[in-house]
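The structure appears below as structure tokens.
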Amino acid sequence: RARKLVNACRSSGKRRDALRDAILSIRGAQHGRDDLMREVVLLRDVDTRWSSTFLMIDHLLELYPAVDEIANRPENDDLQSLLLEPFDFGVLSDIRFFLKTFHLVQELASAQIETPCLAIVLPLYEQLIANLRLLKNALPNLSHAIESALQKIYEYQDKCRSTNMYSFAMFINPTCKLKWIDEHRTQESAVQTKEAIKEMVCIS
């Protein structure tokens, strides 16, 4: 329903303009408030864009008062059947909270513009896993989806650990060095990793 509502609201330039005007009107009424509605647009989710589903839901929930306003106009009566029910809000809010975890990690990785991000891959996986474990308790209705996500991340994590390139990238990064390896690996694993790094340094 959320996707259909977004698509319907974006279906014409007239509707997009009406939504923008409604947003500006609401922002004017909210002047001085901490929860001021952002001046953003509804976004479609697409397979080729990072975090697109999260951003679609995030923007829809924030802009919903404006969406509701234009949907109640006579010329937009076809939007009425697409409006969200209270239950929908709860579900979408949980999904937004869940997907935001991945979005924040992706943003951190994307922020590494001037330096290679290879060194932060393993730490980000560890942080993501820790966050998702906490979410399983916070969002019990999504526990199955969260567990599925965790299992997939474990697979990627194992693949990363099967090569020492990520550890080597941390070693040559002045902000990481061997600190993360010492703090997050078992003593035996840390020793093996350091030996592998020494071999790579000698070979190079």
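Order determines the names: the first chain of the structure tokens is A, the second B, and so forth; residues in each chain are numbered 1 upward, and ligands are numbered 1 upward as they are shown.
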Query raised in the report: Can you tell me, as a ChimeraX atom specification, what residues are no more than 10 Å from segment 191-197 of chain A when counting only C-alpha atoms, ignoring any on the same chain fewer than 6 positions away?
Result: /A:161,163-165,167-169,171-172,178,181-182,185,203
Would you mind listing what lies within 10 Å of segment 100-105 of chain A as a PDB file with N, CA and C atoms, in the first residue's frame, with only C-alpha atoms counted and same-chain residues fewer than 3 positions away left out?
ATOM      1  N   TRP A  50      20.845   2.608  -3.322  1.00  0.00           N
ATOM      2  CA  TRP A  50      21.047   2.226  -1.935  1.00  0.00           C
ATOM      3  C   TRP A  50      19.963   2.843  -1.050  1.00  0.00           C
ATOM      4  N   SER A  51      19.464   2.060  -0.109  1.00  0.00           N
ATOM      5  CA  SER A  51      18.527   2.533   0.925  1.00  0.00           C
ATOM      6  C   SER A  51      17.223   3.088   0.364  1.00  0.00           C
ATOM      7  N   SER A  52      16.866   2.749  -0.870  1.00  0.00           N
ATOM      8  CA  SER A  52      15.694   3.376  -1.479  1.00  0.00           C
ATOM      9  C   SER A  52      14.398   2.996  -0.769  1.00  0.00           C
ATOM     10  N   THR A  53      14.294   1.761  -0.283  1.00  0.00           N
ATOM     11  CA  THR A  53      13.074   1.370   0.430  1.00  0.00           C
ATOM     12  C   THR A  53      12.972   2.107   1.758  1.00  0.00           C
ATOM     13  N   PHE A  54      14.096   2.203   2.463  1.00  0.00           N
ATOM     14  CA  PHE A  54      14.098   2.965   3.715  1.00  0.00           C
ATOM     15  C   PHE A  54      13.699   4.412   3.470  1.00  0.00           C
ATOM     16  N   LEU A  55      14.285   5.038   2.455  1.00  0.00           N
ATOM     17  CA  LEU A  55      14.003   6.447   2.184  1.00  0.00           C
ATOM     18  C   LEU A  55      12.561   6.654   1.736  1.00  0.00           C
ATOM     19  N   ASP A  58      10.582   6.337   4.990  1.00  0.00           N
ATOM     20  CA  ASP A  58      10.943   7.445   5.870  1.00  0.00           C
ATOM     21  C   ASP A  58      10.269   8.746   5.433  1.00  0.00           C
ATOM     22  N   ASP A  94       8.060   0.275  12.282  1.00  0.00           N
ATOM     23  CA  ASP A  94       8.993  -0.792  12.653  1.00  0.00           C
ATOM     24  C   ASP A  94       9.958  -1.095  11.512  1.00  0.00           C
ATOM     25  N   ILE A  95       9.424  -1.161  10.300  1.00  0.00           N
ATOM     26  CA  ILE A  95      10.274  -1.451   9.141  1.00  0.00           C
ATOM     27  C   ILE A  95      11.287  -0.325   8.933  1.00  0.00           C
ATOM     28  N   ARG A  96      10.832   0.915   9.110  1.00  0.00           N
ATOM     29  CA  ARG A  96      11.761   2.045   8.977  1.00  0.00           C
ATOM     30  C   ARG A  96      12.886   1.937  10.003  1.00  0.00           C
ATOM     31  N   PHE A  97      12.558   1.601  11.226  1.00  0.00           N
ATOM     32  CA  PHE A  97      13.562   1.466  12.283  1.00  0.00           C
ATOM     33  C   PHE A  97      14.562   0.365  11.926  1.00  0.00           C
ATOM     34  N   LEU A 108      27.948   5.445   6.545  1.00  0.00           N
ATOM     35  CA  LEU A 108      29.303   5.485   7.093  1.00  0.00           C
ATOM     36  C   LEU A 108      30.323   5.016   6.065  1.00  0.00           C
ATOM     37  N   ALA A 109      29.986   3.944   5.355  1.00  0.00           N
ATOM     38  CA  ALA A 109      30.902   3.435   4.333  1.00  0.00           C
ATOM     39  C   ALA A 109      31.044   4.430   3.187  1.00  0.00           C
ATOM     40  N   SER A 110      29.942   5.051   2.803  1.00  0.00           N
ATOM     41  CA  SER A 110      29.972   6.005   1.692  1.00  0.00           C
ATOM     42  C   SER A 110      30.715   7.282   2.053  1.00  0.00           C
ATOM     43  N   ALA A 111      30.810   7.556   3.344  1.00  0.00           N
ATOM     44  CA  ALA A 111      31.475   8.791   3.781  1.00  0.00           C
ATOM     45  C   ALA A 111      32.984   8.725   3.609  1.00  0.00           C
ATOM     46  N   VAL A 121      35.388  -2.320   6.828  1.00  0.00           N
ATOM     47  CA  VAL A 121      34.373  -3.330   6.511  1.00  0.00           C
ATOM     48  C   VAL A 121      34.095  -4.244   7.698  1.00  0.00           C
ATOM     49  N   LEU A 124      32.455  -2.499  10.635  1.00  0.00           N
ATOM     50  CA  LEU A 124      31.057  -2.174  10.339  1.00  0.00           C
ATOM     51  C   LEU A 124      30.172  -3.411  10.430  1.00  0.00           C
ATOM     52  N   TYR A 125      30.674  -4.542   9.975  1.00  0.00           N
ATOM     53  CA  TYR A 125      29.915  -5.789  10.113  1.00  0.00           C
ATOM     54  C   TYR A 125      29.651  -6.092  11.585  1.00  0.00           C
ATOM     55  N   GLN A 127      29.545  -4.000  14.086  1.00  0.00           N
ATOM     56  CA  GLN A 127      28.589  -3.032  14.630  1.00  0.00           C
ATOM     57  C   GLN A 127      27.176  -3.329  14.149  1.00  0.00           C
ATOM     58  N   LEU A 128      27.058  -3.695  12.882  1.00  0.00           N
ATOM     59  CA  LEU A 128      25.746  -4.019  12.324  1.00  0.00           C
ATOM     60  C   LEU A 128      25.146  -5.234  13.020  1.00  0.00           C
ATOM     61  N   ILE A 129      25.953  -6.239  13.256  1.00  0.00           N
ATOM     62  CA  ILE A 129      25.481  -7.443  13.946  1.00  0.00           C
ATOM     63  C   ILE A 129      25.015  -7.106  15.359  1.00  0.00           C
ATOM     64  N   ASN A 131      23.940  -4.231  16.470  1.00  0.00           N
ATOM     65  CA  ASN A 131      22.706  -3.439  16.397  1.00  0.00           C
ATOM     66  C   ASN A 131      21.495  -4.316  16.089  1.00  0.00           C
ATOM     67  N   LEU A 132      21.669  -5.261  15.174  1.00  0.00           N
ATOM     68  CA  LEU A 132      20.554  -6.130  14.803  1.00  0.00           C
ATOM     69  C   LEU A 132      20.150  -7.053  15.947  1.00  0.00           C
ATOM     70  N   LEU A 135      17.955  -5.109  18.034  1.00  0.00           N
ATOM     71  CA  LEU A 135      16.665  -4.883  17.386  1.00  0.00           C
ATOM     72  C   LEU A 135      15.735  -6.085  17.513  1.00  0.00           C
TER      73      LEU A 135
END
Query - All helix (DSSP H, G or I) residues (DSSP, backbone) inside segment 9-200 of chain A, as a ChimeraX atom specification - result: /A:9,13-29,52-71,74-82,86-110,118-138,140-161,165-172,179-184,187-200
Requested in this report: Enter the distance from atom CA of Leu83 of chain A to atom CA of Leu36 of chain A, in Å, rounded to one decimal.
Outcome: 22.2 Å
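Distances here use only C-alpha atoms; by that measure, the residue among A:Ile153, A:Ala119, A:Ile26, A:Ile57 closest to Leu99 of chain A is A:Ile57.
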Requested in this report: List the neighbours of Leu19 of chain A out to 9 Å using only C-alpha atoms; skip same-chain residues closer than 5 positions along the sequence, and give me the result as a PyMOL selection string.
Outcome: chain A and resi 9-10+14+24+41+63+66-67+69-70
Query - Neighbour list for Val6 of chain A as a ChimeraX atom specification, cut-off 10 Å, only C-alpha atoms, skip fewer than 2 positions in-chain - result: /A:1-4,8-11,41-45,56-57,59-60,67,79,82
Just to be explicit: take each residue in the selection above, keep C-alpha atoms, and write the result as a JSON list (two decimals), in the first residue's frame.
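Output contents, as saved in out-v3.json:
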[["chain", "number", "residue", "atom", "x", "y", "z"],
["A", 1, "ARG", "CA", 0.00, 0.00, 0.00],
["A", 2, "ALA", "CA", 2.81, 2.43, 0.83],
["A", 3, "ARG", "CA", 4.41, 1.94, -2.57],
["A", 4, "LYS", "CA", 1.07, 2.43, -4.36],
["A", 8, "ALA", "CA", -0.09, 7.76, -6.97],
["A", 9, "CYS", "CA", 1.07, 10.97, -5.29],
["A", 10, "ARG", "CA", 3.90, 11.26, -7.80],
["A", 11, "SER", "CA", 1.77, 10.35, -10.82],
["A", 41, "VAL", "CA", 9.82, 14.82, -1.67],
["A", 42, "LEU", "CA", 8.27, 11.38, -1.82],
["A", 43, "LEU", "CA", 10.69, 8.86, -3.27],
["A", 44, "ARG", "CA", 10.11, 5.61, -5.11],
["A", 45, "ASP", "CA", 12.09, 2.56, -4.11],
["A", 56, "MET", "CA", 10.61, 5.81, 0.57],
["A", 57, "ILE", "CA", 9.09, 4.78, 3.91],
["A", 59, "HIS", "CA", 9.74, 10.28, 3.64],
["A", 60, "LEU", "CA", 6.20, 8.93, 3.42],
["A", 67, "VAL", "CA", -0.28, 13.47, 1.76],
["A", 79, "LEU", "CA", -6.06, 8.48, -3.19],
["A", 82, "LEU", "CA", -4.64, 4.15, -0.54]]
